[in-house]
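Quick look at protein28.csv (CSV, C-alpha atoms):
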```
chain,number,residue,atom,x,y,z
A,1,MET,CA,0.0,0.0,0.0
A,2,ALA,CA,1.3,3.4,-1.0
A,3,ILE,CA,2.4,5.7,1.8
A,4,THR,CA,0.0,8.5,2.9
A,5,ARG,CA,0.7,12.1,2.0
A,6,GLU,CA,1.0,13.0,5.7
A,7,GLU,CA,3.4,10.2,6.5
A,8,ALA,CA,5.6,11.1,3.4
A,9,LEU,CA,5.7,14.7,4.5
A,10,ARG,CA,6.7,13.8,8.0
A,11,LEU,CA,9.5,11.5,6.7
A,12,LEU,CA,10.7,14.0,4.1
A,13,ASN,CA,10.8,16.9,6.5
A,14,ALA,CA,12.8,14.9,9.1
A,15,PRO,CA,16.5,15.4,9.7
A,16,ASP,CA,17.3,12.2,7.9
A,17,ARG,CA,15.0,13.1,4.9
A,18,LEU,CA,17.4,12.3,2.1
A,19,GLU,CA,17.9,8.8,3.5
A,20,ASN,CA,14.1,8.5,3.7
A,21,LEU,CA,13.8,9.7,0.1
A,22,ALA,CA,16.3,7.1,-1.1
A,23,ARG,CA,14.2,4.4,0.6
A,24,LEU,CA,10.9,5.7,-0.7
A,25,ALA,CA,12.2,6.0,-4.2
A,26,LEU,CA,13.0,2.3,-4.2
A,27,THR,CA,9.9,1.0,-2.4
A,28,GLU,CA,7.0,3.3,-3.5
A,29,PRO,CA,5.4,2.9,-6.9
A,30,ARG,CA,7.1,5.0,-9.6
A,31,PRO,CA,4.6,7.6,-10.9
A,32,ALA,CA,3.9,8.0,-14.6
A,33,GLN,CA,5.7,11.1,-15.9
A,34,GLY,CA,4.4,13.4,-18.5
A,35,SER,CA,5.8,16.7,-19.7
A,36,ASP,CA,4.7,18.9,-16.8
A,37,VAL,CA,7.4,21.2,-15.4
A,38,ASN,CA,7.6,23.7,-12.6
A,39,ASN,CA,10.5,26.1,-12.0
A,40,HIS,CA,9.2,28.0,-9.0
A,41,ILE,CA,8.8,25.8,-6.0
A,42,HIS,CA,9.4,27.4,-2.6
A,43,THR,CA,10.7,25.3,0.3
A,44,THR,CA,11.3,25.7,4.1
A,45,TYR,CA,14.3,27.9,3.2
A,46,SER,CA,11.8,30.6,2.5
A,47,PHE,CA,8.2,29.6,3.4
A,48,SER,CA,6.6,26.3,2.5
A,49,PRO,CA,5.3,23.0,4.0
A,50,TYR,CA,8.1,21.3,2.1
A,51,SER,CA,11.7,20.8,2.7
A,52,PRO,CA,13.8,20.7,-0.5
A,53,THR,CA,13.6,16.9,-0.3
A,54,ALA,CA,9.9,16.9,0.2
A,55,ALA,CA,9.4,19.4,-2.6
A,56,VAL,CA,11.2,17.1,-5.0
A,57,TRP,CA,9.2,14.0,-3.8
A,58,PHE,CA,5.8,15.7,-4.2
A,59,ALA,CA,6.8,17.1,-7.6
A,60,TRP,CA,7.9,13.6,-8.7
A,61,GLN,CA,4.7,12.1,-7.3
A,62,ALA,CA,2.6,14.6,-9.2
A,63,GLY,CA,4.2,13.3,-12.4
A,64,LEU,CA,6.5,16.3,-13.2
A,65,CYS,CA,9.5,15.5,-15.3
A,66,THR,CA,11.4,18.5,-13.9
A,67,CYS,CA,11.2,20.7,-10.9
A,68,GLY,CA,12.9,24.0,-9.9
A,69,LEU,CA,13.9,25.4,-6.5
A,70,MET,CA,13.0,29.1,-5.9
A,71,ASP,CA,13.4,30.5,-2.4
A,72,HIS,CA,13.3,34.1,-1.3
A,73,ASP,CA,16.7,35.7,-0.6
A,74,SER,CA,18.1,32.2,-0.1
A,75,ILE,CA,20.0,29.5,-2.0
A,76,GLY,CA,20.4,27.5,1.2
A,77,GLY,CA,18.3,24.5,0.1
A,78,ALA,CA,20.1,24.1,-3.2
A,79,GLU,CA,22.6,21.3,-2.4
A,80,GLU,CA,19.8,19.2,-0.8
A,81,PHE,CA,17.5,19.8,-3.7
A,82,LEU,CA,20.1,18.7,-6.2
A,83,GLN,CA,20.8,15.5,-4.2
A,84,ALA,CA,17.1,14.8,-4.1
A,85,VAL,CA,16.4,15.2,-7.8
A,86,LYS,CA,19.4,12.9,-8.5
A,87,LEU,CA,17.8,10.2,-6.1
A,88,VAL,CA,14.5,10.2,-8.0
A,89,ARG,CA,16.2,10.7,-11.4
A,90,MET,CA,14.3,13.7,-12.6
A,91,GLY,CA,15.4,17.0,-14.1
A,92,GLY,CA,16.0,19.8,-11.6
A,93,THR,CA,17.1,23.5,-11.6
A,94,ILE,CA,18.0,25.9,-8.9
A,95,GLY,CA,17.4,29.6,-8.4
A,96,THR,CA,16.5,32.3,-6.0
A,97,GLU,CA,14.0,35.1,-5.9
A,98,CYS,CA,14.5,38.5,-4.4
A,99,ARG,CA,13.0,42.0,-4.1
A,100,VAL,CA,15.0,44.7,-5.8
A,101,SER,CA,14.9,48.5,-5.5
A,102,PHE,CA,13.7,50.5,-8.6
A,103,HIS,CA,14.1,53.8,-6.7
A,104,ASN,CA,16.8,54.9,-9.1
A,105,THR,CA,14.8,54.1,-12.3
A,106,PRO,CA,12.0,55.8,-14.2
A,107,PHE,CA,9.6,53.5,-12.3
A,108,ALA,CA,10.2,55.0,-8.8
A,109,GLY,CA,7.0,55.6,-7.0
A,110,ARG,CA,5.0,53.0,-9.1
A,111,ARG,CA,3.4,49.8,-8.0
A,112,ILE,CA,5.3,47.3,-10.1
A,113,ASN,CA,4.9,43.6,-9.1
A,114,ASN,CA,5.1,43.8,-5.3
A,115,PRO,CA,1.7,43.8,-3.6
A,116,ASP,CA,2.9,45.6,-0.6
A,117,GLN,CA,4.9,48.6,-1.7
A,118,ASP,CA,5.9,50.9,-4.6
A,119,SER,CA,9.3,51.1,-6.2
A,120,VAL,CA,10.2,47.5,-5.3
A,121,ALA,CA,10.0,44.6,-7.7
A,122,TYR,CA,10.4,40.8,-7.5
A,123,MET,CA,13.0,39.2,-9.8
A,124,ALA,CA,14.5,35.8,-10.1
A,125,LEU,CA,17.9,34.3,-10.8
A,126,HIS,CA,17.4,31.1,-12.7
A,127,GLY,CA,19.8,28.4,-13.6
A,128,ILE,CA,22.5,29.2,-11.0
A,129,PRO,CA,25.7,27.3,-11.7
A,130,HIS,CA,26.3,24.8,-8.9
A,131,ASN,CA,29.8,26.0,-8.2
A,132,LYS,CA,28.4,29.5,-7.6
A,133,ILE,CA,26.0,28.6,-4.7
A,134,ALA,CA,28.4,29.9,-2.0
A,135,GLU,CA,28.8,33.2,-3.8
A,136,VAL,CA,25.1,33.7,-4.1
A,137,ASP,CA,24.6,32.9,-0.4
A,138,ALA,CA,27.3,35.4,0.5
A,139,PHE,CA,25.6,38.1,-1.5
A,140,PHE,CA,22.2,37.6,0.1
A,141,SER,CA,23.3,36.9,3.7
A,142,PRO,CA,23.6,40.6,4.8
A,143,TYR,CA,20.2,41.3,3.2
A,144,ARG,CA,18.6,38.5,5.2
A,145,GLU,CA,20.1,40.1,8.4
A,146,LYS,CA,18.7,43.5,7.4
A,147,ARG,CA,15.3,42.0,6.7
A,148,ASN,CA,15.2,40.6,10.2
A,149,VAL,CA,15.6,44.1,11.7
A,150,ARG,CA,12.4,45.0,9.9
A,151,ASN,CA,10.8,41.7,10.8
A,152,ARG,CA,11.2,42.5,14.5
A,153,ARG,CA,9.6,45.9,13.9
A,154,MET,CA,6.7,44.3,12.1
A,155,THR,CA,6.3,41.9,15.0
A,156,ASP,CA,5.9,44.8,17.3
A,157,ALA,CA,3.4,46.3,14.9
A,158,VAL,CA,1.4,43.0,14.9
A,159,ASN,CA,1.3,43.1,18.7
A,160,SER,CA,0.2,46.8,18.7
A,161,LEU,CA,-2.7,45.8,16.4
A,162,MET,CA,-3.7,42.5,17.9
A,163,GLY,CA,-2.7,42.8,21.6
A,164,GLN,CA,-6.1,44.3,22.5
A,165,TYR,CA,-7.6,41.0,21.6
A,166,GLY,CA,-5.1,39.0,23.6
A,167,VAL,CA,-3.2,37.9,20.5
A,168,THR,CA,0.6,38.5,20.6
A,169,ILE,CA,3.6,36.9,19.1
A,170,ASP,CA,7.3,36.8,19.9
A,171,PHE,CA,9.8,37.0,17.1
A,172,ASP,CA,12.4,34.7,18.7
A,173,ARG,CA,9.9,32.2,20.2
A,174,ASP,CA,7.1,32.1,17.6
A,175,VAL,CA,8.6,33.3,14.3
A,176,LEU,CA,12.2,32.4,13.9
A,177,PRO,CA,11.7,28.7,14.7
A,178,LEU,CA,9.4,28.5,11.7
A,179,SER,CA,12.3,29.3,9.4
A,180,GLN,CA,15.7,27.8,8.3
A,181,TYR,CA,17.4,31.1,9.1
A,182,ALA,CA,20.2,29.4,11.0
A,183,HIS,CA,21.0,27.4,7.8
A,184,GLY,CA,20.9,30.1,5.3
A,185,GLY,CA,17.1,30.5,4.9
A,186,SER,CA,15.1,33.7,5.0
A,187,VAL,CA,12.4,35.0,7.3
A,188,THR,CA,9.5,36.5,5.3
A,189,GLU,CA,6.1,38.1,5.9
A,190,ARG,CA,4.6,34.7,5.5
A,191,HIS,CA,6.5,33.5,8.6
A,192,LEU,CA,5.0,36.4,10.6
A,193,SER,CA,1.6,35.7,9.1
A,194,CYS,CA,2.0,32.0,10.0
A,195,ALA,CA,2.9,32.8,13.6
A,196,LEU,CA,0.0,35.1,13.9
A,197,ALA,CA,-2.4,32.6,12.3
A,198,VAL,CA,-1.3,29.9,14.8
A,199,LYS,CA,-1.8,32.3,17.7
A,200,MET,CA,-5.2,33.4,16.5
A,201,LEU,CA,-6.4,29.8,16.2
A,202,GLU,CA,-5.1,29.2,19.7
A,203,VAL,CA,-6.6,32.3,21.4
A,204,ILE,CA,-9.7,33.0,19.3
A,205,GLY,CA,-10.5,29.4,18.2
A,206,SER,CA,-11.6,28.1,14.9
A,207,GLY,CA,-14.8,27.8,12.8
A,208,GLN,CA,-17.6,30.2,13.6
A,209,LYS,CA,-15.7,31.8,16.5
A,210,LEU,CA,-12.9,32.8,14.1
A,211,THR,CA,-15.1,34.1,11.2
A,212,SER,CA,-17.3,36.1,13.7
A,213,PHE,CA,-14.2,37.6,15.2
A,214,ILE,CA,-12.9,38.7,11.8
A,215,ARG,CA,-16.2,40.1,10.6
A,216,ASP,CA,-17.8,41.4,13.8
A,217,THR,CA,-14.9,42.2,16.2
A,218,MET,CA,-12.2,43.3,13.7
A,219,GLN,CA,-14.8,44.4,11.1
A,220,LEU,CA,-12.7,43.2,8.2
A,221,PRO,CA,-13.9,41.6,5.0
A,222,LEU,CA,-13.8,37.9,4.4
A,223,SER,CA,-14.4,36.3,1.0
A,224,ALA,CA,-17.0,33.6,0.7
A,225,LYS,CA,-14.3,31.1,-0.4
A,226,ILE,CA,-12.0,31.8,2.6
A,227,GLU,CA,-15.0,31.8,5.0
A,228,GLY,CA,-16.0,28.4,3.7
A,229,TYR,CA,-12.5,27.1,4.3
A,230,LEU,CA,-12.4,28.5,7.8
A,231,LEU,CA,-15.8,27.1,8.7
A,232,ASP,CA,-15.0,23.6,7.6
A,233,GLU,CA,-14.4,21.6,10.8
A,234,ASN,CA,-12.4,18.9,8.9
A,235,ASN,CA,-10.1,21.3,7.0
A,236,PRO,CA,-6.5,20.2,7.5
A,237,HIS,CA,-5.2,23.4,5.9
A,238,VAL,CA,-7.0,25.9,8.1
A,239,MET,CA,-3.8,27.6,9.3
A,240,TYR,CA,-2.7,28.1,5.7
A,241,ASP,CA,-6.1,29.5,4.7
A,242,LEU,CA,-6.0,31.9,7.6
A,243,LEU,CA,-2.5,32.8,6.7
A,244,GLY,CA,-3.7,33.6,3.2
A,245,TRP,CA,-6.3,35.9,4.5
A,246,ILE,CA,-3.8,37.7,6.7
A,247,LYS,CA,-1.4,38.1,3.7
A,248,SER,CA,-4.1,39.5,1.5
A,249,THR,CA,-6.2,41.6,4.0
A,250,LEU,CA,-4.6,42.2,7.3
A,251,ILE,CA,-0.9,42.6,6.4
A,252,SER,CA,-1.4,46.2,5.2
A,253,ARG,CA,-2.1,47.2,8.8
A,254,PHE,CA,1.2,46.1,10.1
A,255,TYR,CA,3.5,46.1,7.0
A,256,ILE,CA,6.6,48.3,7.1
A,257,ASP,CA,8.2,49.2,3.9
A,258,ALA,CA,11.4,47.4,3.0
A,259,THR,CA,14.4,49.7,2.4
A,260,ASP,CA,18.0,48.7,2.8
A,261,GLU,CA,17.2,45.0,2.6
A,262,CYS,CA,16.4,45.4,-1.1
A,263,PRO,CA,19.5,45.7,-3.2
A,264,ASP,CA,19.4,48.0,-6.2
A,265,VAL,CA,18.3,46.1,-9.3
A,266,ARG,CA,21.6,46.8,-11.1
A,267,ASP,CA,23.5,45.1,-8.3
A,268,VAL,CA,21.5,41.9,-8.6
A,269,LEU,CA,21.8,42.0,-12.4
A,270,ALA,CA,25.6,42.4,-12.0
A,271,LEU,CA,25.7,39.4,-9.7
A,272,SER,CA,23.7,37.3,-12.2
A,273,GLU,CA,26.0,38.2,-15.0
A,274,ARG,CA,29.1,37.5,-12.8
A,275,ILE,CA,28.0,34.0,-11.8
A,276,GLY,CA,26.4,33.1,-15.2
A,277,ALA,CA,22.8,32.9,-14.0
A,278,ILE,CA,19.7,33.9,-16.0
A,279,SER,CA,18.1,37.1,-14.6
A,280,ALA,CA,14.3,37.2,-14.9
A,281,TYR,CA,11.7,39.8,-14.2
A,282,ALA,CA,8.6,38.1,-12.5
A,283,TYR,CA,5.5,39.3,-14.4
A,284,LEU,CA,2.5,39.6,-12.1
A,285,GLY,CA,-0.1,41.5,-14.0
A,286,ASP,CA,-3.2,43.1,-12.6
A,287,VAL,CA,-5.0,40.7,-10.2
A,288,GLY,CA,-8.7,40.0,-10.1
A,289,ASP,CA,-9.4,36.8,-8.2
A,290,SER,CA,-6.1,35.6,-6.8
A,291,VAL,CA,-5.2,32.0,-7.8
A,292,THR,CA,-3.1,31.6,-4.7
A,293,GLY,CA,-5.7,33.2,-2.4
A,294,ASP,CA,-3.2,35.6,-0.8
A,295,LYS,CA,-3.4,38.5,-3.2
A,296,ARG,CA,-6.1,41.1,-3.1
A,297,ALA,CA,-7.6,42.5,-6.3
A,298,GLN,CA,-5.0,45.1,-7.3
A,299,LYS,CA,-3.4,46.9,-10.3
A,300,PHE,CA,0.2,46.3,-11.1
A,301,GLU,CA,2.4,46.8,-14.2
A,302,ASP,CA,-0.1,46.3,-17.0
A,303,ASP,CA,-0.9,50.0,-17.6
A,304,TYR,CA,2.8,50.6,-18.5
A,305,LEU,CA,4.0,47.1,-19.4
A,306,ASP,CA,5.4,48.1,-22.9
A,307,GLU,CA,7.5,50.8,-21.3
A,308,LEU,CA,8.6,48.6,-18.5
A,309,VAL,CA,9.7,45.6,-20.7
A,310,LYS,CA,11.7,47.9,-23.0
A,311,TYR,CA,13.5,49.3,-19.9
A,312,LEU,CA,14.1,45.8,-18.5
A,313,LYS,CA,15.8,44.8,-21.8
A,314,TRP,CA,17.9,48.0,-21.6
A,315,LEU,CA,18.9,47.2,-18.0
A,316,GLY,CA,20.2,43.8,-19.0
A,317,PHE,CA,17.5,41.4,-18.0
A,318,ARG,CA,17.7,38.1,-19.8
A,319,ALA,CA,14.2,36.7,-19.3
A,320,ILE,CA,10.7,37.2,-18.0
A,321,THR,CA,9.1,34.5,-15.9
A,322,TYR,CA,5.3,34.1,-15.7
A,323,MET,CA,2.6,31.7,-14.4
A,324,PRO,CA,0.1,30.6,-17.1
A,325,SER,CA,-2.7,29.9,-14.5
A,326,ARG,CA,-2.4,33.3,-12.8
A,327,ASN,CA,-3.3,35.6,-15.7
A,328,THR,CA,-5.9,35.9,-18.5
A,329,ARG,CA,-5.0,34.8,-22.0
A,330,ALA,CA,-4.9,38.4,-23.1
A,331,GLN,CA,-2.4,39.3,-20.4
A,332,LEU,CA,-0.2,36.3,-21.4
A,333,ASP,CA,-0.4,37.0,-25.1
A,334,ARG,CA,0.7,40.5,-24.5
A,335,VAL,CA,3.7,39.6,-22.3
A,336,ARG,CA,4.8,36.8,-24.6
A,337,GLY,CA,4.6,39.2,-27.5
A,338,LEU,CA,6.9,41.6,-25.7
A,339,CYS,CA,9.3,38.8,-24.9
A,340,GLU,CA,9.5,38.0,-28.6
A,341,GLN,CA,9.9,41.6,-29.5
A,342,TYR,CA,12.8,42.2,-27.2
A,343,GLY,CA,14.5,38.8,-27.4
A,344,LEU,CA,13.7,37.9,-23.8
A,345,PHE,CA,13.8,34.2,-22.7
A,346,GLN,CA,10.5,32.9,-21.4
A,347,ILE,CA,10.4,30.9,-18.2
A,348,SER,CA,7.4,29.5,-16.3
A,349,GLY,CA,6.7,28.4,-12.8
A,350,GLU,CA,3.8,28.2,-10.3
A,351,ASP,CA,4.9,29.5,-6.9
A,352,ILE,CA,4.2,26.6,-4.5
A,353,ASN,CA,4.1,27.6,-0.8
A,354,SER,CA,0.9,26.1,0.4
A,355,PRO,CA,-0.4,22.5,0.7
A,356,ARG,CA,-3.6,23.5,-1.2
A,357,GLN,CA,-1.6,24.2,-4.4
A,358,SER,CA,-1.1,21.6,-7.1
A,359,PHE,CA,2.4,21.1,-8.4
A,360,VAL,CA,0.9,20.7,-11.8
A,361,CYS,CA,-0.1,23.8,-13.8
A,362,GLU,CA,-3.0,22.6,-15.9
A,363,ALA,CA,-3.0,25.8,-17.9
A,364,GLN,CA,0.5,25.2,-19.1
A,365,ARG,CA,-0.7,22.0,-20.9
A,366,ASP,CA,-2.2,24.2,-23.6
A,367,PRO,CA,-0.2,23.5,-26.8
A,368,ALA,CA,0.3,27.3,-27.0
A,369,PHE,CA,2.7,27.1,-24.1
A,370,ARG,CA,4.8,24.3,-25.5
A,371,ASN,CA,7.8,26.7,-25.6
A,372,LEU,CA,7.8,26.7,-21.8
A,373,TYR,CA,8.5,23.0,-21.7
A,374,ASP,CA,11.4,23.4,-24.1
A,375,ALA,CA,12.6,26.5,-22.1
A,376,THR,CA,12.8,24.4,-18.9
A,377,TRP,CA,15.0,21.8,-20.5
A,378,ALA,CA,17.1,24.6,-21.9
A,379,LEU,CA,17.4,26.1,-18.5
A,380,ILE,CA,18.6,22.8,-17.0
A,381,ALA,CA,21.2,22.4,-19.8
A,382,HIS,CA,22.4,26.0,-19.2
A,383,GLU,CA,22.8,25.3,-15.5
A,384,TRP,CA,24.9,22.1,-16.0
A,385,ARG,CA,26.9,23.5,-19.0
A,386,SER,CA,27.7,26.7,-17.1
A,387,THR,CA,28.8,24.8,-14.1
A,388,GLU,CA,31.3,22.9,-16.2
A,389,ASP,CA,32.4,25.9,-18.3
A,390,PRO,CA,31.0,29.5,-18.1
A,391,ALA,CA,31.6,29.9,-21.9
A,392,LYS,CA,28.9,27.2,-22.5
A,393,GLY,CA,25.9,29.0,-21.0
A,394,LEU,CA,22.8,30.0,-22.9
A,395,PHE,CA,23.7,33.6,-23.1
A,396,SER,CA,27.5,33.3,-23.4
A,397,ALA,CA,29.3,34.9,-26.3
A,398,GLU,CA,30.2,31.5,-27.6
A,399,SER,CA,26.6,30.2,-27.6
A,400,VAL,CA,25.2,33.5,-29.1
A,401,ALA,CA,27.8,33.3,-31.9
A,402,ARG,CA,26.8,29.7,-32.7
A,403,TRP,CA,23.0,30.3,-32.4
A,404,PRO,CA,22.4,34.0,-33.0
A,405,LYS,CA,18.6,33.6,-32.8
A,406,LEU,CA,17.3,33.0,-29.2
A,407,GLU,CA,14.7,30.6,-30.5
A,408,ASP,CA,17.3,28.4,-32.2
A,409,ARG,CA,19.5,28.5,-29.1
A,410,VAL,CA,16.7,27.4,-26.8
A,411,LYS,CA,15.9,24.5,-29.1
A,412,ALA,CA,19.5,23.3,-29.1
A,413,PHE,CA,19.8,23.7,-25.4
A,414,ALA,CA,16.5,21.9,-24.8
A,415,GLN,CA,17.9,18.9,-26.6
A,416,PHE,CA,21.1,19.1,-24.5
A,417,GLY,CA,18.9,19.1,-21.4
A,418,GLN,CA,16.9,16.1,-22.4
A,419,ASP,CA,20.0,14.2,-23.4
A,420,LEU,CA,21.3,14.8,-19.8
```
With the file now loaded, output its structure as structure tokens.
Amino acid sequence: MAITREEALRLLNAPDRLENLARLALTEPRPAQGSDVNNHIHTTYSFSPYSPTAAVWFAWQAGLCTCGLMDHDSIGGAEEFLQAVKLVRMGGTIGTECRVSFHNTPFAGRRINNPDQDSVAYMALHGIPHNKIAEVDAFFSPYREKRNVRNRRMTDAVNSLMGQYGVTIDFDRDVLPLSQYAHGGSVTERHLSCALAVKMLEVIGSGQKLTSFIRDTMQLPLSAKIEGYLLDENNPHVMYDLLGWIKSTLISRFYIDATDECPDVRDVLALSERIGAISAYAYLGDVGDSVTGDKRAQKFEDDYLDELVKYLKWLGFRAITYMPSRNTRAQLDRVRGLCEQYGLFQISGEDINSPRQSFVCEAQRDPAFRNLYDATWALIAHEWRSTEDPAKGLFSAESVARWPKLEDRVKAFAQFGQDL
């Protein structure tokens, strides 16, 4: 009989998780693999129910043929992730996601792709060469420290807001232990939201008590979908659903703008070029009904996207990453057209950080997105080739000279990746 999801998660989040994975890979039924890929899976090194090992297992069990690590301000889980994909014999790629400052750009003062503040954008470094992991960690380590200074201030702000209801959290006792900070992980707003969700469930209670508290006592909105989740007595994900509500609705009441913990966008681009990674702007697009349940309806970069993408290309970005299930077809057609216009590599990925989320992106199975499957294998080939020789990367002078057209280069690298 196949192992239960809960038991697998316990074994694969345990200290001896790689050994447990090796055993499970031999004893559990091997899943049928199709062509599904995901290059944006978060782990416990930022915020997620999954260790790097568990993330690989559940991606493999979902039938993915490749999976990609993407943690905030951290590359701490990379070595474990690479060992795990090797154990189950699937394609894997590593990267990191960070917030960068656009204050010294024409887009200062605009809401770009960050739901919480203006002049700050999310970007990703994909395909990080394996011999550059230590350099990436050294770059982001001081920014993680600076982030925790603000995290402590936000914890105080949470207590100022919620203390009147008997709900308080302590950063060192309640927040920090939820993270892998001691091992190179980051502490994010989701960690604070998680600690607050746990405390609310403990003090206020669940079900009707909780929804009445939110609506009547706090007088805050609650969508029908989230209310249904919170009222479900058999809901195993209630903490994550409450966390999603906090992230979308309550966080604005205790959020403090990030400043010196966000490097200038040019500094991260310089790092990416220096180590041979692939820099990618993370397209968000205006949000209506949030797929992940933790983003309120809000406008982002769509009103000035043409101007922005032109500037991204001028700055030196190599790619744009987007999620096919998160946007309308019109939004996706527009951003894909701009990628083709400016010669930007297209990368896909669904940001997994909750047990409710599927590792499979059904929308990406549309034949129109076939290029994203090839792009993933090209990304994997870039990573391995760049690790062996920086001159062999997807955007190296040697590769560009051999395949001047990006489309031809991606096809060639996709074949290299599958041959691996």
Tell me which protein, DNA and RNA residues are within 12 Å of region 83-89 of chain A, counting only C-alpha atoms, leaving out same-chain ones fewer than 5 positions away, and put them as a count of residues only.
40
Write out, as a tab-separated table, each residue of region 91-159 of chain A that has an atom at most 8 Å from region 277-285 of chain A, together with the closest pair of atoms and their distance in Å to one decimal, counting all atoms listed in the file, rows going by chain and rising number.
```
residue	atom	partner	partner_atom	distance
A:Asn113	CA	A:Leu284	CA	5.5
A:Tyr122	CA	A:Ala282	CA	6.0
A:Met123	CA	A:Tyr281	CA	4.6
A:Ala124	CA	A:Ala280	CA	5.0
A:Leu125	CA	A:Ser279	CA	4.7
A:His126	CA	A:Ile278	CA	4.9
A:Gly127	CA	A:Ala277	CA	5.4
A:Ile128	CA	A:Ala277	CA	4.8
A:Pro129	CA	A:Ala277	CA	6.7
```
Work out how far apart CA of Leu231 (chain A) and CA of Leu11 (chain A) are and give it in Å to one decimal.
29.8 Å
Excluding same-chain residues fewer than 5 positions from Glu340 (chain A), what lies within 12 Å of it counting all atoms listed in the file, as a PyMOL selection string?
chain A and resi 309-310+313+319-320+333-335+345-346+371+405-407
Restricting the calculation to all atoms listed in the file, which member of A:Thr321, A:Ser35, A:Gln298, A:Ser119 is positioned closest to Asn104 (chain A)?
A:Ser119
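Reported to one decimal place, the separation of CA of Trp377 (chain A) from CA of Gly417 (chain A) is 4.8 Å.
The closest residue to Lys392 (chain A), picked from A:His42, A:Phe139, A:Phe416, A:His191 and counting all atoms listed in the file, is A:Phe416.
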What does the structure give for the distance between CA of Pro355 (chain A) and CA of Gly207 (chain A), in Å to one decimal?
19.5 Å
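Take the candidates A:Val203, A:Val149, A:Met239, A:Ala2 and check each one against Arg356 (chain A) using all atoms listed in the file; the shortest distance goes to A:Met239.
Remark: residues at most 9 Å from position (3.3, 39.1, 9.3) in file coordinates are Asn151, Met154, Thr155, Val158, Thr188, Glu189, Arg190, His191, Leu192, Ser193, Cys194, Ala195, Leu196, Leu243, Ile246, Lys247, Leu250, Ile251, Phe254 and Tyr255 of chain A, using all atoms listed in the file.
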Could I get region 80-91 of chain A from the block written out with N, CA and C atoms, as a compact mmCIF listing (two decimals), in the first residue's frame?
```
# COMPACT_ATOMS: atom_id res chain seq x y z
N GLU A 80 20.79 20.27 -1.09
CA GLU A 80 19.84 19.21 -0.76
C GLU A 80 18.91 18.93 -1.94
N PHE A 81 18.43 19.99 -2.56
CA PHE A 81 17.52 19.85 -3.69
C PHE A 81 18.18 19.07 -4.83
N LEU A 82 19.42 19.39 -5.13
CA LEU A 82 20.13 18.71 -6.21
C LEU A 82 20.37 17.23 -5.89
N GLN A 83 20.65 16.94 -4.63
CA GLN A 83 20.79 15.53 -4.24
C GLN A 83 19.46 14.79 -4.39
N ALA A 84 18.37 15.47 -4.04
CA ALA A 84 17.06 14.84 -4.09
C ALA A 84 16.63 14.53 -5.52
N VAL A 85 16.84 15.47 -6.45
CA VAL A 85 16.43 15.20 -7.84
C VAL A 85 17.27 14.07 -8.44
N LYS A 86 18.50 13.96 -7.98
CA LYS A 86 19.35 12.87 -8.45
C LYS A 86 18.82 11.52 -7.96
N LEU A 87 18.34 11.50 -6.71
CA LEU A 87 17.84 10.25 -6.13
C LEU A 87 16.60 9.73 -6.86
N VAL A 88 15.73 10.64 -7.31
CA VAL A 88 14.52 10.19 -8.00
C VAL A 88 14.67 10.23 -9.52
N ARG A 89 15.84 10.66 -9.98
CA ARG A 89 16.17 10.68 -11.40
C ARG A 89 15.18 11.53 -12.20
N MET A 90 15.08 12.80 -11.82
CA MET A 90 14.28 13.73 -12.61
C MET A 90 15.08 15.00 -12.85
N GLY A 91 14.65 15.79 -13.82
CA GLY A 91 15.36 17.03 -14.10
C GLY A 91 15.14 18.04 -12.99
```
